[in-house]
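Visitor: Got a file for you: structure-v6.txt, compact mmCIF, C-alpha atoms.
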# COMPACT_ATOMS: atom_id res chain seq x y z
CA MET S 539 -18.88 14.43 23.47
CA ASP S 540 -19.38 10.76 22.53
CA GLU S 541 -18.88 9.30 19.05
CA ASN S 542 -22.58 9.38 18.12
CA GLU S 543 -22.99 13.01 19.02
CA LEU S 544 -19.78 13.86 17.21
CA LEU S 545 -20.98 12.06 14.09
CA ASN S 546 -24.37 13.80 14.20
CA ARG S 547 -22.69 17.18 14.38
CA LEU S 548 -20.35 16.23 11.56
CA LYS S 549 -23.38 15.30 9.46
CA GLN S 550 -24.69 18.81 10.06
CA ARG S 551 -21.34 20.07 8.72
CA ASP S 552 -20.22 21.64 11.97
CA PRO S 553 -16.52 22.56 11.67
CA LYS S 554 -16.20 22.59 15.46
CA ALA S 555 -17.11 18.90 15.45
CA LEU S 556 -14.36 18.19 12.94
CA GLN S 557 -11.92 20.11 15.11
CA THR S 558 -12.98 18.00 18.09
CA ALA S 559 -12.49 14.83 16.03
CA VAL S 560 -9.01 16.02 14.97
CA GLU S 561 -8.06 16.75 18.58
CA LYS S 562 -9.44 13.42 19.77
CA TYR S 563 -8.14 11.05 17.09
CA SER S 564 -5.27 12.67 15.15
CA ASN S 565 -2.48 11.40 17.41
CA LEU S 566 -3.98 7.90 17.55
CA LEU S 567 -4.27 7.70 13.77
CA TYR S 568 -0.79 9.17 13.41
CA LYS S 569 0.68 6.23 15.40
CA VAL S 570 -0.83 3.85 12.86
CA ALA S 571 0.29 5.96 9.90
CA ILE S 572 3.90 6.24 11.14
CA GLY S 573 3.98 2.45 11.49
CA PHE S 574 3.26 2.10 7.79
CA MET S 575 5.05 5.13 6.38
CA HIS S 576 8.09 5.55 8.73
CA ASP S 577 8.18 9.18 7.66
CA LYS S 578 6.76 12.02 9.73
CA GLN S 579 5.66 14.17 6.80
CA ALA S 580 4.02 11.26 4.99
CA ALA S 581 2.21 10.18 8.17
CA ASP S 582 0.96 13.76 8.71
CA ASP S 583 -0.36 13.84 5.14
CA ILE S 584 -2.17 10.53 5.62
CA VAL S 585 -3.89 11.75 8.81
CA GLN S 586 -4.85 15.01 7.11
CA ASP S 587 -6.38 13.14 4.15
CA VAL S 588 -8.34 10.86 6.51
CA PHE S 589 -9.99 13.85 8.22
CA ILE S 590 -10.78 15.49 4.90
CA LYS S 591 -12.37 12.22 3.83
CA LEU S 592 -14.35 12.16 7.08
CA TRP S 593 -15.60 15.67 6.40
CA GLN S 594 -16.69 14.73 2.88
CA ALA S 595 -18.23 11.38 3.80
CA ALA S 596 -19.87 12.40 7.10
CA PRO S 597 -23.38 13.10 5.67
CA LYS S 598 -23.50 9.56 4.24
CA LEU S 599 -22.01 7.72 7.23
CA ASN S 600 -24.31 5.48 9.24
CA PHE S 601 -23.08 3.24 12.03
CA ASP S 602 -25.02 0.75 14.12
CA LYS S 603 -22.90 1.23 17.23
CA ASN S 604 -20.13 3.62 18.27
CA LYS S 605 -17.96 2.89 15.28
CA LEU S 606 -16.59 6.25 14.16
CA SER S 607 -13.13 5.39 15.51
CA THR S 608 -13.21 1.98 13.79
CA TRP S 609 -14.11 3.67 10.49
CA LEU S 610 -11.25 6.17 10.96
CA TYR S 611 -8.72 3.41 11.65
CA ARG S 612 -9.89 1.40 8.63
CA VAL S 613 -9.62 4.39 6.33
CA THR S 614 -6.16 5.15 7.72
CA VAL S 615 -4.95 1.57 7.19
CA ASN S 616 -6.32 1.46 3.62
CA HIS S 617 -4.90 4.86 2.80
CA CYS S 618 -1.48 3.81 4.12
CA LEU S 619 -1.49 0.51 2.19
CA ASN S 620 -2.35 2.37 -1.03
CA GLN S 621 0.29 5.00 -0.39
CA VAL S 622 3.00 2.40 0.30
CA LYS S 623 2.04 0.68 -2.97
CA ARG S 624 2.21 4.00 -4.86
CA ASP S 625 5.58 4.83 -3.26
CA LYS S 626 6.99 1.44 -4.26
CA PHE S 627 5.87 2.04 -7.84
CA LYS S 628 7.34 5.56 -7.79
CA ALA S 629 10.61 4.27 -6.32
CA LEU S 630 10.87 1.73 -9.12
CA PHE S 631 10.71 4.48 -11.74
CA GLN S 632 13.10 6.67 -9.76
CA ASP S 633 15.55 3.76 -9.68
CA ILE S 634 15.26 3.43 -13.45
CA SER S 635 15.65 7.18 -13.99
CA LYS S 636 18.80 7.15 -11.82
CA PHE S 637 20.52 5.08 -14.47
CA THR S 638 19.18 6.91 -17.50
CA ARG S 639 19.64 10.38 -18.91
CA LYS S 640 18.23 12.24 -21.88
CA THR S 641 20.70 13.26 -24.58
CA ASP S 642 20.49 16.54 -26.53
CA ASN S 643 18.57 14.90 -29.36
CA GLY S 644 15.97 13.51 -26.90
CA ALA S 645 17.19 9.92 -26.92
CA ILE S 646 17.48 8.06 -23.61
CA GLU S 647 20.90 6.73 -22.69
CA ILE S 648 21.60 4.19 -19.98
CA GLU S 649 24.30 5.16 -17.51
CA ILE S 650 26.08 2.66 -15.34
CA GLU S 651 26.76 4.27 -11.99
CA ASP S 652 30.15 3.79 -10.41
CA THR S 653 29.19 1.79 -7.37
CA ILE S 654 32.68 2.13 -5.90
CA ASN S 655 31.84 5.76 -5.09
CA LEU S 656 28.93 4.71 -2.91
CA ASN S 657 30.27 4.59 0.62
CA PRO S 658 27.97 2.82 3.05
CA HIS S 659 29.52 4.76 5.92
CA GLN S 660 28.02 7.95 4.51
CA TYR S 661 24.72 6.88 5.99
CA THR S 662 24.23 7.27 9.68
CA GLU S 663 23.67 4.12 11.69
CA ASN S 664 20.24 5.33 12.72
CA LYS S 665 19.09 5.91 9.15
CA GLU S 666 20.35 2.47 8.20
CA LEU S 667 18.48 0.92 11.09
CA GLY S 668 15.34 2.81 10.14
CA GLN S 669 15.62 1.51 6.61
CA ILE S 670 16.00 -2.06 7.87
CA ILE S 671 12.92 -1.72 10.08
CA GLU S 672 10.93 -0.18 7.24
CA ASN S 673 11.91 -2.98 4.86
CA ALA S 674 11.24 -5.61 7.50
CA ILE S 675 7.72 -4.30 8.20
CA ASN S 676 6.91 -3.69 4.54
CA ASN S 677 8.00 -7.23 3.71
CA LEU S 678 5.48 -8.75 6.08
CA PRO S 679 2.31 -10.25 4.57
CA LYS S 680 -0.48 -7.65 4.55
CA LYS S 681 -2.56 -9.04 7.43
CA GLN S 682 0.48 -9.64 9.64
CA ARG S 683 1.65 -6.09 8.92
CA ILE S 684 -1.70 -4.54 9.85
CA ALA S 685 -2.02 -6.63 13.02
CA PHE S 686 1.55 -5.82 14.08
CA ILE S 687 1.21 -2.07 13.49
CA LEU S 688 -2.14 -1.79 15.26
CA THR S 689 -0.94 -3.67 18.31
CA LYS S 690 2.67 -2.50 18.44
CA TYR S 691 2.52 1.11 17.25
CA ARG S 692 -0.96 1.94 18.51
CA ASP S 693 -0.80 -0.41 21.54
CA MET S 694 -4.24 -1.77 20.68
CA SER S 695 -5.66 -4.88 22.30
CA ALA S 696 -6.24 -7.93 20.10
CA LYS S 697 -9.99 -7.31 20.47
CA GLN S 698 -9.79 -3.74 19.16
CA ALA S 699 -7.50 -4.74 16.31
CA ALA S 700 -9.81 -7.64 15.46
CA GLU S 701 -12.75 -5.25 15.14
CA ILE S 702 -10.84 -3.07 12.69
CA MET S 703 -9.54 -6.06 10.73
CA LYS S 704 -12.94 -7.79 10.75
CA THR S 705 -11.49 -10.95 12.28
CA SER S 706 -11.29 -12.72 15.64
CA PRO S 707 -8.97 -11.66 18.51
CA ALA S 708 -7.39 -15.13 18.44
CA ASN S 709 -6.54 -14.66 14.79
CA VAL S 710 -4.95 -11.29 15.56
CA ASP S 711 -2.80 -12.95 18.23
CA VAL S 712 -1.62 -15.54 15.71
CA LEU S 713 -0.91 -12.85 13.09
CA VAL S 714 1.08 -10.75 15.57
CA PHE S 715 3.07 -13.78 16.74
CA ARG S 716 3.96 -14.69 13.15
CA ALA S 717 4.76 -11.06 12.32
CA LYS S 718 7.23 -10.85 15.22
CA LYS S 719 8.90 -14.11 14.23
CA ASN S 720 9.24 -12.89 10.64
CA LEU S 721 10.54 -9.49 11.74
CA GLN S 722 13.15 -11.11 13.97
CA LYS S 723 14.29 -13.33 11.12
CA PHE S 724 14.43 -10.46 8.59
CA ILE S 725 16.17 -7.99 10.91
CA LEU S 726 18.84 -10.44 12.04
CA LYS S 727 19.48 -11.47 8.44
CA GLN S 728 19.81 -7.84 7.32
CA LEU S 729 22.06 -6.84 10.21
CA LYS S 730 24.27 -9.85 9.55
CA SER S 731 24.79 -8.88 5.92
CA MET H 1 19.25 -23.79 26.42
CA THR H 2 20.54 -24.00 22.83
CA CYS H 3 21.59 -21.00 20.75
CA LYS H 4 18.84 -21.78 18.24
CA SER H 5 16.04 -21.68 20.79
CA VAL H 6 17.46 -18.47 22.30
CA GLN H 7 17.70 -16.76 18.92
CA ASN H 8 14.17 -17.86 18.03
CA ASN H 9 12.81 -16.13 21.10
CA LEU H 10 14.94 -12.99 21.27
CA ILE H 11 12.10 -10.70 20.16
CA PHE H 12 9.84 -12.09 22.91
CA TYR H 13 12.68 -11.77 25.41
CA ILE H 14 12.99 -8.08 24.50
CA GLU H 15 9.25 -7.66 25.01
CA LYS H 16 9.42 -9.68 28.25
CA SER H 17 6.45 -11.70 27.00
CA LEU H 18 7.88 -15.11 27.93
CA PRO H 19 7.35 -17.09 31.14
CA ASP H 20 9.73 -16.05 33.96
CA LYS H 21 11.64 -19.33 33.84
CA GLN H 22 12.36 -18.95 30.14
CA LEU H 23 13.34 -15.31 30.59
CA SER H 24 15.94 -16.18 33.21
CA GLU H 25 17.28 -19.06 31.10
CA ILE H 26 17.78 -16.74 28.13
CA GLU H 27 19.34 -14.14 30.40
CA GLN H 28 21.84 -16.69 31.66
CA HIS H 29 22.59 -17.87 28.13
CA LEU H 30 23.22 -14.31 26.90
CA LYS H 31 25.75 -13.78 29.68
CA HIS H 32 27.90 -16.60 28.37
CA CYS H 33 27.22 -16.77 24.62
CA LYS H 34 28.90 -13.97 22.66
CA VAL H 35 27.15 -14.75 19.33
CA CYS H 36 23.65 -14.68 20.83
CA ALA H 37 24.48 -11.59 22.90
CA GLU H 38 25.56 -9.75 19.75
CA LYS H 39 22.36 -10.70 17.95
CA TYR H 40 20.34 -9.63 20.94
CA GLN H 41 22.01 -6.20 20.97
CA LYS H 42 21.30 -5.70 17.26
CA LEU H 43 17.67 -6.74 17.56
CA LEU H 44 17.27 -4.57 20.65
CA ALA H 45 18.60 -1.53 18.75
CA ALA H 46 16.18 -2.22 15.90
CA TYR H 47 13.28 -2.66 18.27
CA GLN H 48 14.17 0.54 20.13
CA PHE H 49 13.94 2.33 16.81
CA ILE H 50 10.27 1.33 16.63
CA GLU H 51 9.79 2.72 20.13
CA SER H 52 11.39 6.01 19.08
CA GLU H 53 9.05 6.21 16.08
CA LYS H 54 6.12 5.68 18.41
CA GLN H 55 7.17 8.66 20.52
CA SER H 56 6.74 11.15 17.67
CA ASN H 57 3.50 13.10 17.47
CA VAL H 58 1.33 14.53 14.75
CA ASN H 59 2.03 18.00 13.36
CA PRO H 60 0.62 20.56 15.85
CA TYR H 61 -0.66 22.64 12.93
CA LEU H 62 -2.68 19.76 11.50
CA TRP H 63 -6.04 21.37 12.26
CA THR H 64 -4.98 24.63 10.55
CA ARG H 65 -3.96 22.66 7.47
CA ILE H 66 -7.23 20.69 7.43
CA GLN H 67 -9.25 23.87 7.91
CA ALA H 68 -7.53 25.49 4.94
CA LYS H 69 -8.18 22.40 2.81
CA ILE H 70 -11.88 22.07 3.59
CA GLN H 71 -12.46 25.78 2.99
CA HIS H 72 -10.92 25.52 -0.46
CA LYS H 73 -12.53 22.21 -1.33
CA PRO H 74 -16.31 22.16 -1.07
CA ALA H 75 -17.75 18.79 -0.10
CA THR H 76 -20.01 18.64 -3.18
CA GLN H 77 -17.03 18.67 -5.56
CA LYS H 78 -16.15 15.08 -4.82
CA THR H 79 -19.78 13.99 -5.37
CA TRP H 80 -19.84 15.56 -8.83
CA GLN H 81 -16.52 13.96 -9.66
CA THR H 82 -17.72 10.54 -8.59
CA VAL H 83 -20.90 10.89 -10.69
CA LEU H 84 -19.30 12.42 -13.77
CA GLN H 85 -16.28 10.13 -14.02
CA PRO H 86 -18.20 6.89 -14.77
CA VAL H 87 -20.61 8.74 -17.10
CA ILE H 88 -17.75 10.20 -19.16
CA LEU H 89 -15.98 6.84 -19.21
CA THR H 90 -19.13 5.07 -20.44
CA LEU H 91 -19.64 7.71 -23.16
CA ILE H 92 -16.04 7.26 -24.35
CA VAL H 93 -16.53 3.47 -24.53
CA ILE H 94 -19.81 3.86 -26.47
CA ILE H 95 -18.25 6.35 -28.93
CA GLY H 96 -15.27 4.00 -29.35
CA LEU H 97 -17.55 1.06 -30.09
CA PHE H 98 -19.60 3.11 -32.55
CA LEU H 99 -16.47 4.27 -34.40
CA GLY H 100 -15.13 0.70 -34.42
CA ILE H 101 -18.33 -0.61 -36.00
CA LYS H 102 -18.33 2.17 -38.60
CA LEU H 103 -14.70 1.50 -39.49
CA GLY H 104 -15.46 -2.20 -39.75
CA GLN H 105 -18.31 -1.47 -42.16
CA LEU H 106 -15.92 0.41 -44.43
CA TYR H 107 -13.99 -2.82 -45.00
CA THR H 108 -17.12 -4.74 -45.97
CA HIS H 109 -17.86 -2.31 -48.87
CA PRO H 110 -18.54 -4.16 -52.21
CA HIS H 111 -15.44 -2.66 -53.90
CA THR H 112 -12.98 -3.80 -51.27
CA SER H 113 -10.47 -6.50 -52.20
CA TYR H 114 -12.06 -9.00 -49.80
CA ASN H 115 -15.44 -8.82 -51.52
CA TYR H 116 -13.82 -9.01 -54.94
CA ALA H 117 -12.08 -12.23 -53.86
CA GLN H 118 -15.39 -13.58 -52.56
CA SER H 119 -17.03 -12.91 -55.91
CA LEU H 120 -14.29 -14.98 -57.60
CA ASN H 121 -15.41 -17.98 -55.54
CA ASP H 122 -18.48 -18.20 -57.71
CA THR H 123 -16.37 -18.72 -60.85
CA THR H 124 -15.22 -22.28 -61.46
CA ILE H 125 -12.13 -22.78 -63.56
CA PHE H 126 -11.81 -26.01 -65.53
CA TYR H 127 -8.57 -27.33 -66.95
CA PRO H 128 -8.46 -30.34 -69.32
CA VAL H 129 -6.16 -33.14 -68.02
CA ALA H 130 -5.72 -34.99 -71.30
CA ASP H 131 -7.34 -35.01 -74.74
CA ASN H 132 -8.88 -38.46 -74.42
CA GLU H 133 -10.18 -37.97 -70.95
CA SER H 134 -13.66 -36.80 -70.52
CA GLU H 135 -13.20 -35.84 -66.89
CA TYR H 136 -11.94 -32.53 -65.75
CA LEU H 137 -10.14 -31.58 -62.61
CA LEU H 138 -11.69 -28.85 -60.67
CA PHE H 139 -9.37 -26.17 -59.32
CA GLU H 140 -10.75 -23.97 -56.68
CA PRO H 141 -9.37 -20.48 -56.83
Can you turn what I pasted into structure tokens?
Guide:
Amino acid sequence: MDENELLNRLKQRDPKALQTAVEKYSNLLYKVAIGFMHDKQAADDIVQDVFIKLWQAAPKLNFDKNKLSTWLYRVTVNHCLNQVKRDKFKALFQDISKFTRKTDNGAIEIEIEDTINLNPHQYTENKELGQIIENAINNLPKKQRIAFILTKYRDMSAKQAAEIMKTSPANVDVLVFRAKKNLQKFILKQLKS
Amino acid sequence: MTCKSVQNNLIFYIEKSLPDKQLSEIEQHLKHCKVCAEKYQKLLAAYQFIESEKQSNVNPYLWTRIQAKIQHKPATQKTWQTVLQPVILTLIVIIGLFLGIKLGQLYTHPHTSYNYAQSLNDTTIFYPVADNESEYLLFEP
């Protein structure tokens, strides 16, 4: 079944068509989502939300060419970027709440945590490495990050990535080159410290 | 080859995306330079982590989860939400504006202190400067 036929059947609200789309694209979208989220559960949730969005939006979707996959990748990338932003915001408040506690009369007290108790060796080397990679990728400028994840995690060609990013393949090459340089710099700096 | 140029290209060396000549030069350098070799090992470990992330696959029960979601969430619900949300928001703004105007009108009532002060503006107070002077200074309230 090609993309056009799949889309037509989705427009007719055929659940079998959605199942086919899930089987065909879920793993491909997951590769992109894991590149942004670095967490299996979060990446699964992103992919699930993308297919639910496809189901809801299908009757209104109209493409000139075979662009269902492009639409799916774009929605995945946007969803991931929004989720990362939300997570950062949430983490900020969690960090604040770590140092505060409510007293019996409802007032908020600030607690200073004893940092001496925090032993860096409690973390496994792998987890530490994962955190460094996550920080390194999340610190990249948005376009570099998208280009790097599409080409590195999803093994896309510059042409395919360019179509999703609405830019030229040459520009994608430049973005990926810069992203790799920046990653190298960030990772080596983090590992040194 | 200098340490700086080797360290600048380590990521491309790992990916083997450099010309053969440059690859062999870096390889030779890493055999003799301990600092660069250590950095290479660290970067390689980090890069291999990305590869390991890439190997993971989506939850095999994804379709079951999606099926459950779409059965509980009719497609029209979202449409109603998207229509109603801006309408409700606009109504709230209009009601807010209306209440604001009404509250503002309360303060322009003739018995409010502001209007009383305005009415005083019409009264001119004269004070004599001296007995022999025929001119008067005008004091504005």
Visitor: Determine the nearest neighbour of chain H from the options S:Asp711, S:Asp583, S:Glu701, S:Glu541, counting all atoms listed in the file.
Guide: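 Of S:Asp711, S:Asp583, S:Glu701, S:Glu541, the one nearest chain H is S:Asp583, counting all atoms listed in the file.
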Visitor: Expressed in Å to a single decimal, how great is the separation between CA of Glu666 in chain S and CA of Lys4 in chain H?
Guide: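 Computed distance, CA of Glu666 in chain S to CA of Lys4 in chain H, equals 26.3 Å.
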Visitor: Quick one: which chain S residues come within 6 Å of chain H, and what is the nearest atom pair for each with the distance in Å to one decimal, counting all atoms listed in the file, rows ordered by chain and ascending number, as CSV?
Guide:
residue,atom,partner,partner_atom,distance
S:Asn565,CA,H:Val58,CA,5.6
S:Tyr568,CA,H:Val58,CA,5.9
S:Gln594,CA,H:Ala75,CA,5.1
S:Tyr691,CA,H:Lys54,CA,5.9
Visitor: Can you tell me, as a ChimeraX atom specification, what residues are no more than 12 Å from Thr705 in chain S when counting all atoms listed in the file, ignoring any on the same chain fewer than 6 positions away?
Guide: /S:681,684-685,696-699,711-713
Visitor: Between CA of Ala571 in chain S and CA of Gln550 in chain S, what distance in Å does the model show, to one decimal?
Guide: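 Those two atoms sit 28.1 Å apart.
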Visitor: Looking at S:Lys727, S:Lys680, S:Lys623, S:Lys690, which one is nearest to Gly573 in chain S, with distances taken over only C-alpha atoms?
Guide: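 Distance minimum relative to Gly573 in chain S lands on S:Lys690.
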Visitor: What is the distance between CA of Lys549 in chain S and CA of Ala596 in chain S, in Å to one decimal?
Guide: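 Separating CA of Lys549 in chain S from CA of Ala596 in chain S is a distance of 5.1 Å.
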Visitor: Could you tell me which of H:Cys3, H:His72, H:Lys16, H:Gln48 comes closest to Leu30 in chain H if we count only C-alpha atoms?
Guide: H:Cys3
Visitor: Given the choices H:Leu44, H:Met1, H:Leu99, H:Ile14, which gets closest to Gln28 in chain H if the distance is worked out from only C-alpha atoms?
Guide: H:Met1
Visitor: Can you sort out the box for range 673-682 of chain S, edges along x, y and z, all listed atoms in, 5 Å on every side, with centre and edge lengths in Å to one decimal, as JSON?
Guide:
{"center_x": 4.7, "center_y": -6.6, "center_z": 6.7, "size_x": 24.5, "size_y": 17.3, "size_z": 15.9}
Visitor: I want to know what sits within 7 Å of range 614-618 of chain S, based on all atoms listed in the file, with residues of the same chain fewer than 4 positions away left out; could you give that as number ranges by chain?
Guide: S: 567, 571, 574, 584, 588, 610, 622
Visitor: Could you write out that same residue set with C-alpha atoms as a CSV table (one decimal), keeping the file's coordinate frame?
Guide:
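Wrote it out as again.csv, contents follow:
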chain,number,residue,atom,x,y,z
S,567,LEU,CA,-4.3,7.7,13.8
S,571,ALA,CA,0.3,6.0,9.9
S,574,PHE,CA,3.3,2.1,7.8
S,584,ILE,CA,-2.2,10.5,5.6
S,588,VAL,CA,-8.3,10.9,6.5
S,610,LEU,CA,-11.2,6.2,11.0
S,622,VAL,CA,3.0,2.4,0.3
